[in-house]
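Student: Got a file for you: start05.txt, compact mmCIF, C-alpha atoms.
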# COMPACT_ATOMS: atom_id res chain seq x y z
CA MET T 1 106.02 94.88 82.40
CA ASP T 2 108.68 97.07 80.76
CA LYS T 3 111.15 99.11 82.77
CA GLY T 4 109.63 102.42 81.66
CA VAL T 5 106.25 101.57 83.17
CA LEU T 6 107.85 100.28 86.38
CA LYS T 7 109.90 103.46 86.70
CA LEU T 8 106.84 105.63 86.13
CA GLN T 9 104.72 103.53 88.49
CA PHE T 10 107.28 103.77 91.28
CA SER T 11 107.78 107.53 90.89
CA VAL T 12 104.00 108.16 90.97
CA PHE T 13 103.60 105.89 94.00
CA ALA T 14 106.42 107.63 95.87
CA LEU T 15 105.29 111.20 95.13
CA VAL T 16 101.62 110.59 95.98
CA THR T 17 102.55 108.73 99.18
CA ALA T 18 104.76 111.61 100.33
CA SER T 19 102.08 114.16 99.43
CA PHE T 20 99.28 112.46 101.37
CA ALA T 21 101.62 111.92 104.33
CA ASN T 22 101.77 115.69 104.78
CA ILE T 23 98.00 116.04 105.17
CA TYR T 24 97.46 114.06 108.38
CA ILE T 25 100.83 114.42 110.05
CA THR T 26 99.51 116.29 113.11
CA GLN T 27 96.44 114.11 113.70
CA PRO T 28 97.84 111.72 116.36
CA ILE T 29 99.54 114.55 118.28
CA LEU T 30 96.70 117.09 118.48
CA PRO T 31 96.61 116.98 122.33
CA VAL T 32 100.38 117.58 122.38
CA LEU T 33 100.05 120.58 120.07
CA GLN T 34 97.10 121.89 122.07
CA ASN T 35 99.18 121.93 125.25
CA GLU T 36 102.26 123.40 123.59
CA PHE T 37 100.43 126.26 121.86
CA ALA T 38 97.77 126.73 124.59
CA VAL T 39 94.82 126.58 122.19
CA THR T 40 91.40 124.90 122.17
CA PRO T 41 90.56 121.56 120.48
CA VAL T 42 88.73 123.41 117.70
CA GLN T 43 91.75 125.61 117.08
CA VAL T 44 94.32 122.81 117.13
CA SER T 45 92.20 120.78 114.68
CA LEU T 46 92.94 123.56 112.17
CA THR T 47 96.38 122.01 111.72
CA VAL T 48 94.57 119.24 109.80
CA SER T 49 91.48 120.98 108.45
CA ALA T 50 93.47 123.92 107.05
CA VAL T 51 95.35 121.52 104.76
CA ILE T 52 92.07 120.01 103.57
CA LEU T 53 90.61 123.49 103.03
CA GLY T 54 93.64 124.39 100.90
CA ILE T 55 93.07 121.29 98.78
CA VAL T 56 89.41 122.28 98.29
CA MET T 57 90.44 125.81 97.24
CA SER T 58 92.89 124.76 94.55
CA ASN T 59 91.79 121.32 93.43
CA LEU T 60 89.56 122.35 90.51
CA PHE T 61 92.11 124.79 89.13
CA LEU T 62 95.10 122.48 89.43
CA GLY T 63 93.13 119.64 87.86
CA PHE T 64 93.06 121.54 84.56
CA VAL T 65 96.49 123.20 84.62
CA PRO T 66 98.15 120.17 82.91
CA ASP T 67 95.94 120.88 79.87
CA ARG T 68 97.78 124.19 79.46
CA PHE T 69 101.30 123.62 80.81
CA PRO T 70 103.84 120.75 80.98
CA ILE T 71 103.66 118.60 84.11
CA HIS T 72 107.32 119.03 85.13
CA PRO T 73 107.17 122.73 86.16
CA ILE T 74 103.83 122.09 87.90
CA ILE T 75 105.39 119.35 90.03
CA LEU T 76 108.51 121.44 90.67
CA VAL T 77 106.48 124.41 91.96
CA GLY T 78 104.24 122.13 94.00
CA GLY T 79 107.20 120.30 95.54
CA ILE T 80 108.97 123.52 96.49
CA CYS T 81 105.85 125.05 98.06
CA VAL T 82 104.77 121.95 100.01
CA THR T 83 108.33 121.57 101.30
CA ALA T 84 108.51 125.23 102.31
CA GLY T 85 105.21 124.96 104.17
CA GLY T 86 106.45 121.89 106.01
CA VAL T 87 109.72 123.52 107.05
CA VAL T 88 107.91 126.61 108.33
CA SER T 89 105.48 124.37 110.25
CA GLY T 90 108.39 122.59 111.90
CA LEU T 91 110.19 125.81 112.85
CA THR T 92 107.46 128.18 113.99
CA HIS T 93 106.42 128.79 117.59
CA ASN T 94 103.45 130.90 116.51
CA PHE T 95 100.19 128.97 116.13
CA VAL T 96 98.73 131.34 113.53
CA ILE T 97 101.81 130.90 111.35
CA LEU T 98 101.56 127.13 111.78
CA VAL T 99 97.94 127.13 110.54
CA PHE T 100 98.72 129.35 107.55
CA ALA T 101 101.74 127.22 106.68
CA ARG T 102 99.47 124.18 106.69
CA LEU T 103 96.92 125.99 104.50
CA PHE T 104 99.76 126.88 102.11
CA GLN T 105 100.74 123.22 101.94
CA GLY T 106 97.17 122.24 101.18
CA ILE T 107 96.88 124.70 98.31
CA PHE T 108 99.86 123.15 96.54
CA ILE T 109 99.39 119.45 97.38
CA PRO T 110 97.00 119.04 94.38
CA ALA T 111 99.89 120.08 92.12
CA LEU T 112 101.51 116.79 93.16
CA THR T 113 98.34 114.66 93.17
CA THR T 114 95.39 116.02 91.17
CA SER T 115 97.53 117.57 88.44
CA LEU T 116 99.57 114.39 88.20
CA ALA T 117 96.43 112.22 87.92
CA ALA T 118 94.99 114.49 85.22
CA TRP T 119 98.27 114.39 83.27
CA LEU T 120 98.44 110.60 83.53
CA ALA T 121 94.86 110.23 82.29
CA ARG T 122 95.57 112.51 79.32
CA THR T 123 98.99 111.11 78.45
CA LEU T 124 99.10 107.35 79.03
CA PRO T 125 97.46 104.67 76.88
CA ALA T 126 94.64 102.76 78.58
CA ASN T 127 96.66 99.62 79.32
CA ARG T 128 99.40 101.59 81.10
CA LEU T 129 97.00 104.00 82.79
CA SER T 130 95.18 101.26 84.71
CA VAL T 131 98.47 99.93 86.08
CA VAL T 132 99.88 103.32 87.09
CA MET T 133 96.60 104.57 88.57
CA GLY T 134 96.45 101.43 90.68
CA SER T 135 99.68 102.61 92.28
CA TYR T 136 98.19 106.10 92.67
CA VAL T 137 95.19 104.78 94.63
CA SER T 138 97.29 102.57 96.91
CA ALA T 139 99.72 105.43 97.51
CA GLY T 140 96.91 107.66 98.74
CA VAL T 141 95.92 105.13 101.39
CA LEU T 142 99.51 104.37 102.40
CA GLY T 143 100.45 108.06 102.52
CA ALA T 144 97.51 108.96 104.76
CA LEU T 145 98.52 106.15 107.13
CA GLY T 146 102.22 106.97 106.87
CA GLY T 147 101.69 110.61 107.80
CA ARG T 148 99.84 109.61 110.97
CA LEU T 149 102.56 107.12 111.89
CA LEU T 150 105.28 109.65 111.17
CA GLY T 151 103.67 112.27 113.37
CA GLY T 152 102.95 109.88 116.23
CA TRP T 153 106.04 107.71 116.35
CA ILE T 154 108.67 110.42 116.08
CA HIS T 155 107.18 112.07 119.16
CA PRO T 156 108.31 111.69 121.95
CA PRO T 157 111.69 110.06 121.07
CA LEU T 158 112.70 113.29 119.29
CA HIS T 159 110.03 116.01 118.88
CA TRP T 160 106.93 116.47 116.77
CA ARG T 161 108.76 119.11 114.72
CA TYR T 162 111.08 116.46 113.28
CA ALA T 163 108.05 114.82 111.69
CA PHE T 164 107.58 117.92 109.53
CA PHE T 165 111.25 117.97 108.57
CA SER T 166 111.15 114.28 107.65
CA ALA T 167 107.97 114.74 105.58
CA SER T 168 109.53 117.73 103.80
CA GLY T 169 112.60 115.66 103.02
CA LEU T 170 110.37 112.98 101.49
CA ILE T 171 108.70 115.61 99.29
CA VAL T 172 112.07 116.84 98.05
CA ALA T 173 113.30 113.33 97.26
CA THR T 174 110.10 112.18 95.54
CA THR T 175 109.74 115.43 93.59
CA VAL T 176 113.25 115.02 92.17
CA LEU T 177 112.48 111.37 91.39
CA ALA T 178 109.26 112.32 89.56
CA LEU T 179 110.98 115.06 87.56
CA LEU T 180 113.56 112.54 86.37
CA ALA T 181 111.14 109.66 85.75
CA LEU T 182 108.11 111.30 84.13
CA PRO T 183 108.37 111.36 80.34
CA ARG T 184 108.07 114.68 78.57
CA SER T 185 105.02 114.94 76.36
CA PRO T 186 103.46 117.68 74.25
CA VAL T 187 100.76 119.83 75.84
CA HIS T 188 97.38 119.64 74.11
CA ARG T 189 95.74 123.05 74.30
CA THR T 190 92.66 122.23 72.29
CA ILE T 191 89.52 121.27 74.16
CA SER T 192 86.63 119.77 72.26
CA ARG T 193 83.32 121.61 72.21
CA HIS T 194 81.57 118.39 73.22
CA THR T 195 83.38 118.05 76.54
CA ASP T 196 83.65 121.77 77.41
CA ALA T 197 80.15 121.96 78.87
CA GLY T 198 81.17 123.57 82.16
CA PHE T 199 80.19 122.53 85.67
CA LEU T 200 76.62 123.85 85.81
CA PRO T 201 74.95 120.98 83.89
CA LEU T 202 76.61 118.50 86.24
CA LEU T 203 75.42 120.42 89.30
CA LYS T 204 71.85 120.42 87.99
CA ARG T 205 71.67 116.62 87.96
CA GLY T 206 70.03 115.32 91.13
CA ASP T 207 71.46 111.82 90.73
CA LEU T 208 74.99 113.20 90.65
CA LEU T 209 74.37 115.52 93.59
CA LEU T 210 73.46 112.50 95.72
CA VAL T 211 76.72 110.83 94.70
CA TYR T 212 78.65 113.99 95.59
CA GLY T 213 76.79 113.99 98.90
CA CYS T 214 77.93 110.43 99.60
CA GLY T 215 81.55 111.41 99.03
CA ALA T 216 81.23 114.50 101.22
CA ALA T 217 79.39 112.62 103.99
CA GLY T 218 81.91 109.77 103.92
CA LEU T 219 84.93 111.94 104.69
CA LEU T 220 82.83 114.21 106.91
CA ILE T 221 82.17 111.20 109.16
CA PHE T 222 85.56 109.52 108.84
CA SER T 223 87.87 112.50 109.39
CA PRO T 224 86.62 113.74 112.79
CA ILE T 225 86.56 110.23 114.26
CA PHE T 226 90.26 109.78 113.57
CA ASN T 227 90.98 113.44 114.30
CA PHE T 228 89.62 113.37 117.86
CA LEU T 229 90.56 109.75 118.58
CA PRO T 230 93.74 110.77 120.48
CA TYR T 231 91.62 112.72 122.99
CA ARG T 232 89.40 109.69 123.57
CA LEU T 233 92.33 107.31 124.06
CA MET T 234 94.37 109.66 126.27
CA ASP T 235 91.40 110.06 128.60
CA ALA T 236 89.98 107.57 131.11
CA PRO T 237 89.65 104.60 131.05
CA PHE T 238 92.41 104.13 128.46
CA HIS T 239 95.22 106.61 129.31
CA PHE T 240 97.18 105.60 126.18
CA SER T 241 100.52 107.13 125.24
CA THR T 242 101.01 108.94 121.91
CA LYS T 243 102.96 105.98 120.53
CA LEU T 244 100.23 103.51 121.49
CA ILE T 245 97.50 105.74 120.04
CA THR T 246 99.44 105.93 116.80
CA MET T 247 99.48 102.14 116.55
CA ILE T 248 95.66 102.16 116.59
CA TYR T 249 95.76 104.06 113.29
CA LEU T 250 97.04 100.87 111.65
CA VAL T 251 93.38 99.88 111.19
CA TYR T 252 93.54 102.27 108.22
CA VAL T 253 95.41 99.55 106.31
CA LEU T 254 92.01 97.93 105.82
CA GLY T 255 91.27 100.55 103.18
CA ILE T 256 93.87 99.11 100.81
CA PHE T 257 91.83 95.93 100.49
CA LEU T 258 88.26 97.20 100.83
CA GLY T 259 88.08 99.28 97.66
CA PRO T 260 88.25 96.34 95.21
CA VAL T 261 86.00 94.23 97.48
CA ALA T 262 83.35 96.98 97.56
CA GLY T 263 83.55 97.31 93.78
CA ARG T 264 82.92 93.60 93.24
CA PHE T 265 80.07 93.57 95.79
CA SER T 266 78.49 96.55 94.04
CA GLN T 267 78.71 94.86 90.65
CA ARG T 268 76.98 91.77 92.00
CA HIS T 269 74.33 93.33 94.26
CA GLY T 270 73.95 96.86 92.89
CA GLY T 271 75.28 100.24 94.00
CA GLY T 272 72.16 101.07 96.01
CA ASN T 273 72.33 97.93 98.13
CA THR T 274 76.04 98.44 98.70
CA LEU T 275 75.54 102.04 99.85
CA VAL T 276 72.83 100.94 102.30
CA VAL T 277 75.10 98.20 103.68
CA GLY T 278 78.02 100.63 103.97
CA ALA T 279 75.88 103.23 105.78
CA CYS T 280 74.54 100.62 108.23
CA ILE T 281 78.03 99.30 108.97
CA LEU T 282 79.24 102.86 109.49
CA GLY T 283 76.38 103.78 111.85
CA CYS T 284 76.67 100.63 113.99
CA SER T 285 80.46 100.96 114.18
CA LEU T 286 80.21 104.57 115.33
CA LEU T 287 77.98 103.48 118.22
CA LEU T 288 80.57 100.84 119.20
CA LEU T 289 83.06 103.66 119.75
CA LEU T 290 81.00 104.86 122.73
CA ILE T 291 81.72 101.67 124.69
CA PRO T 292 84.64 102.18 127.16
CA SER T 293 86.52 99.10 125.98
CA ILE T 294 89.58 98.98 123.76
CA THR T 295 88.17 95.89 122.03
CA ALA T 296 85.00 97.80 121.17
CA VAL T 297 87.03 100.80 120.01
CA VAL T 298 89.24 98.73 117.69
CA LEU T 299 86.24 96.86 116.27
CA GLY T 300 84.41 100.16 115.87
CA LEU T 301 87.33 101.74 114.03
CA LEU T 302 87.62 98.71 111.73
CA GLY T 303 83.92 99.05 110.99
CA VAL T 304 84.23 102.79 110.39
CA CYS T 305 87.00 102.08 107.87
CA ALA T 306 84.91 99.35 106.23
CA GLY T 307 81.84 101.57 105.93
CA PHE T 308 83.75 104.63 104.77
CA PHE T 309 85.82 102.93 102.08
CA THR T 310 82.76 101.05 100.85
CA ILE T 311 80.74 104.25 100.45
CA HIS T 312 83.65 106.10 98.86
CA ALA T 313 84.50 103.37 96.37
CA VAL T 314 80.87 102.79 95.35
CA ALA T 315 80.15 106.53 95.02
CA VAL T 316 83.06 106.99 92.60
CA GLY T 317 81.94 103.94 90.63
CA LEU T 318 78.34 105.17 90.41
CA LEU T 319 79.49 108.63 89.38
CA ASN T 320 81.44 107.36 86.40
CA GLN T 321 78.73 104.85 85.51
CA LYS T 322 76.17 107.64 85.22
CA LEU T 323 78.32 109.73 82.85
CA SER T 324 78.67 109.55 79.09
CA ASP T 325 81.12 112.49 78.91
CA ASN T 326 82.68 115.21 81.10
CA HIS T 327 84.27 112.60 83.35
CA GLY T 328 87.14 114.94 84.25
CA LYS T 329 84.89 117.76 85.45
CA ALA T 330 82.53 115.40 87.27
CA ASN T 331 85.39 113.71 89.13
CA ALA T 332 86.92 117.10 89.95
CA LEU T 333 83.60 118.16 91.51
CA TYR T 334 83.53 114.89 93.44
CA ALA T 335 87.01 115.58 94.81
CA VAL T 336 85.97 119.09 95.91
CA SER T 337 82.84 117.80 97.65
CA TYR T 338 84.84 114.95 99.21
CA TYR T 339 87.52 117.15 100.73
CA GLY T 340 84.99 119.86 101.52
CA GLY T 341 83.12 117.29 103.59
CA GLY T 342 86.33 116.46 105.43
CA TRP T 343 86.87 120.11 106.30
CA VAL T 344 83.28 120.58 107.48
CA GLY T 345 83.48 117.36 109.49
CA ILE T 346 86.64 118.25 111.40
CA THR T 347 85.48 121.81 112.04
CA GLY T 348 81.93 120.90 113.06
CA ALA T 349 82.99 117.98 115.21
CA GLY T 350 85.45 120.26 116.98
CA PHE T 351 82.58 122.34 118.32
CA ALA T 352 80.67 119.14 119.16
CA PHE T 353 83.72 117.92 121.09
CA GLU T 354 83.92 121.13 123.10
CA LEU T 355 80.19 120.90 123.93
CA ALA T 356 79.84 117.17 124.65
CA GLY T 357 83.25 115.50 124.39
CA TRP T 358 83.68 112.22 122.50
CA THR T 359 79.93 111.52 122.67
CA GLY T 360 79.33 114.78 120.81
CA VAL T 361 81.79 113.81 118.06
CA VAL T 362 80.15 110.40 117.58
CA GLY T 363 76.65 111.89 117.62
CA PHE T 364 77.67 114.48 115.05
CA ALA T 365 79.07 111.75 112.79
CA VAL T 366 76.09 109.39 113.17
CA PHE T 367 73.67 112.08 111.95
CA PHE T 368 75.37 112.28 108.55
CA THR T 369 75.09 108.55 107.86
CA LEU T 370 71.58 109.47 106.67
CA ILE T 371 73.05 110.85 103.44
CA PRO T 372 74.52 107.60 102.03
CA LEU T 373 71.52 105.71 103.46
CA VAL T 374 69.02 107.89 101.56
CA ALA T 375 71.21 107.82 98.44
CA GLY T 376 71.36 104.04 98.63
CA PHE T 377 67.58 103.61 98.83
CA ARG T 378 67.11 106.02 95.93
CA GLU T 379 69.69 104.15 93.88
CA LYS T 380 67.91 100.88 94.68
CA ARG T 381 64.71 102.32 93.22
CA CYS T 382 66.64 103.36 90.10
CA ASP T 383 68.07 99.83 89.85
CA LEU T 384 64.54 98.38 89.94
CA THR T 385 63.05 100.79 87.38
CA GLN T 386 66.03 100.94 85.01
CA SER T 387 67.53 97.46 85.41
CA PRO T 388 69.18 96.23 82.17
CA PRO T 389 68.55 92.71 80.85
CA HIS T 390 70.19 89.89 82.78
CA GLY T 391 73.87 89.58 81.99
CA LEU T 392 74.13 93.07 80.49
CA ARG T 393 74.78 95.13 83.62
CA SER T 394 77.36 97.79 82.87
CA ARG T 395 80.67 97.57 84.58
CA GLN T 396 81.50 100.17 87.20
CA PRO T 397 84.82 101.95 86.86
CA HIS T 398 86.64 102.02 90.12
CA GLU T 399 88.96 104.65 91.54
CA LYS T 400 89.59 106.68 94.63
CA HIS T 401 90.48 110.30 95.23
Hey, can you dump this file as structure tokens for me?
Tutor:
Amino acid sequence: MDKGVLKLQFSVFALVTASFANIYITQPILPVLQNEFAVTPVQVSLTVSAVILGIVMSNLFLGFVPDRFPIHPIILVGGICVTAGGVVSGLTHNFVILVFARLFQGIFIPALTTSLAAWLARTLPANRLSVVMGSYVSAGVLGALGGRLLGGWIHPPLHWRYAFFSASGLIVATTVLALLALPRSPVHRTISRHTDAGFLPLLKRGDLLLVYGCGAAGLLIFSPIFNFLPYRLMDAPFHFSTKLITMIYLVYVLGIFLGPVAGRFSQRHGGGNTLVVGACILGCSLLLLLIPSITAVVLGLLGVCAGFFTIHAVAVGLLNQKLSDNHGKANALYAVSYYGGGWVGITGAGFAFELAGWTGVVGFAVFFTLIPLVAGFREKRCDLTQSPPHGLRSRQPHEKH
């Protein structure tokens, strides 16, 4: 591999990792923030869900900005704004300002992730794109884990506010690195009539809506479980410290390996079967989380990761398999539904937590496993009625958002 590709690959990996780290930085310390700001669990969960809401608000727009403007100023503006939001979050003693600073971060995070991915897809040749996007996917998983570890391990040795300052410093460093490493390329302002069909035709397709529903349901289930996990583990019978709770988040590493495994399983056994298996694993693992045993909790969390990443990976593969054009718009809609599901999940589960505690959160999550389960059975029927000749099954592209 030539040095140019390695340099580009490293800069993309670093920037995306730092960006995703900012999303979940408060998750392991929600009880700490709740006590410090004297707010409810629903309110304190806004420090995570507001970032996700910001991503939903801007993701479609920032996915198409690189078609009109060079990538370097987009990344510069995004880096400055995400950094500013992080610094304000670390300094403020006003909860409302903290939430709005987090929302501000979320609005500009897609400038460092979605815009970058769109620019890479438009700019790089296919052989380089697959290599660099592999780094992009891994960086998303590592960044989400890293943000949780950063937020949980810096408190209490210093203070949770230092986690924001550290994350902001990472954004500054990786933004500068990306600005230096990314090659300058001409901006193509012409859009072909064939691909400029808009979003409405995609939203009218029932098969795609089910795939979007799988993405939304996946993060809707996954996010609240990890969001309210600190409350479960700080309570009886566990009484874990913040540092010990943060270590439990290491189960997230499983996601780095499960994506490719799910893709291969789907190719061999079909997307419908894989969705059904993923939904069943997810549902059974959620029930394990109700058992007051740390062994059951860890096994349940591993299963939740396995089910979630399986559903997510297969849904993206099925989406691209069903398309002959408009891949960019379809994947942008998937990203919006995916993050929208995460926002709904954290918000809805917050009310469930206030009503029924951890049992309410798990019950809320279990209900939505019906979506990938129904989608899987429908896809199985499609596989039976539209199965290609033996040996000619189409390959499923594989990526994550």
Student: In Å to one decimal, how far is CA of Phe257 (chain T) from CA of Tyr338 (chain T)?
Tutor: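 About the pair CA of Tyr338 (chain T) and CA of Phe257 (chain T): they are 20.3 Å apart.
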Student: CA of Tyr339 (chain T) to CA of Gly54 (chain T): how many Å, to one decimal?
Tutor: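 Interatomic distance here is 9.5 Å.
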Student: In Å to one decimal, how far is CA of Gly86 (chain T) from CA of Ser168 (chain T)?
Tutor: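 Computed distance, CA of Ser168 (chain T) to CA of Gly86 (chain T), equals 5.6 Å.
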Student: Kindly extract all protein, DNA and RNA residues lying within 12 Å of the coordinates (70.0, 103.9, 99.8) given in the file, considering all atoms listed in the file, and supply them as a ChimeraX atom specification.
Tutor: /T:210-211,214,270-280,311,314-315,369-383
Student: In the coordinates of the file, take the point (87.0, 100.5, 99.2) and a cut-off of 12 Å; then, counting all atoms listed in the file, name each qualifying protein, DNA or RNA residue as a VMD selection string.
Tutor: chain T and resid 137 to 138 141 218 252 to 266 274 to 275 278 304 to 317 398 to 401
Student: For a quick check of understanding, using all atoms listed in the file, which of T:Leu15, T:Ile171, T:Leu60, T:Leu120 has the smallest distance to Gly79 (chain T)?
Tutor: T:Ile171
Student: Using all atoms listed in the file, can you tell me which of T:Pro73, T:Gly363, T:Gly206, T:Pro183 comes closest to Lys7 (chain T)?
Tutor: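 The answer is T:Pro183, which sits nearest to Lys7 (chain T).
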Student: With all atoms listed in the file as the atoms that count, which of T:Asn227, T:Asn94, T:Asn320, T:Ser49 lies nearest to Tyr334 (chain T)?
Tutor: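 Looking only at the distances to Tyr334 (chain T), the closest residue turns out to be T:Asn320.
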Student: So which one's closest to Leu8 (chain T), T:Asn326, T:Leu282, T:His239, T:Ala181? Using all atoms listed in the file, please.
Tutor: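 Once distances to Leu8 (chain T) are computed over all atoms listed in the file, the minimum belongs to T:Ala181.
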